[in-house]
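*Asks:* Quick one: this structure, given as structure tokens, is what I'll be asking you about.
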Amino acid sequence: MTIMELLISLMIAGIIAALTVGGFSKAVEKTRGREAWAGIQQLHAAEKAYHAQFDEFYPVSEVSGPRTISPLKVALAQEDWIFKVETASVNGVANQSCLITATRTSGAYENQTVTMTNEGTQGGDWVYR
């Protein structure tokens, strides 16, 4: 093998490696997004159960995993996200609607969010859904 063939082989290997790393990064971010959705769905189900029992939603100040939220009986294991449940009054009755938010705490997508309302409407600015 000549030097030229070796250089061309190294260039091709470098291009393939660069393409693979980009794909791997996207896969990691999609997985982290799924982690956030899992936490939000846990909180959503727990909030619905809490509301059925107490006729109100339970407000949760910012928490990050791994952590258990005792009144809701939810254990969150996500470490790259902060979860929050904001409640609002409806017709003068406190804690009758809620917005669950997960905010990314690190990485290239720090401060991006995933949200869900008590009706199940999803939102946020997380790019990897």
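Naming works like this for the structure tokens: A, B, ... for the chains as they're shown, residue 1 at the start of each chain, ligands 1 onward in shown order.
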Within 12 Å of range 55-64 of chain A, counting only C-alpha atoms, which residues show up once you throw out same-chain ones fewer than 2 positions away? Write them as a PyMOL selection string, please.

*Replies:* chain A and resi 36+39+43-53+66-90+93-105+117-118

*Asks:* Among chain A, which ones does DSSP assign to alpha helix (DSSP H) (computed from the backbone)? Answer as a ChimeraX atom specification.

*Replies:* /A:3-54

*Asks:* Please list as a list in words every residue within 10 Å of Glu29 in chain A, counting only C-alpha atoms and excluding residues in the same chain fewer than 3 positions away.

*Replies:*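 Final neighbour list, sorted by chain and number: Phe24, Ser25, Lys26, Arg32, Gly33, Arg34, Glu35, Gly107, Ala108, Tyr109, Trp126, Val127, Tyr128 and Arg129 of chain A.
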
*Asks:* Among chain A, which ones does DSSP assign to strand (DSSP E) (computed from the backbone)? Answer as a PyMOL selection string.

*Replies:* chain A and resi 60-64+67-69+74-76+81-90+93-104+113-117+122-123

*Asks:* Would you mind reading off the distance between CA of Ala13 in chain A and CA of Val28 in chain A, one decimal, in Å?

*Replies:*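 Computing it gives 22.3 Å between the two atoms.
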
*Asks:* Just checking: using only C-alpha atoms, which residue out of A:Ile3, A:Met116, A:Ile8, A:Ile15 ends up closest to Gln42 in chain A?

*Replies:*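 Result for the nearest residue to Gln42 in chain A: A:Met116.
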
*Asks:* What separation in Å, quoted to one decimal, exists between CA of Gly92 in chain A and CA of Gln122 in chain A?

*Replies:* 25.3 Å

*Asks:* CA of Ser106 in chain A to CA of Gly14 in chain A: how many Å, to one decimal?

*Replies:*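 Computed distance, CA of Ser106 in chain A to CA of Gly14 in chain A, equals 28.1 Å.
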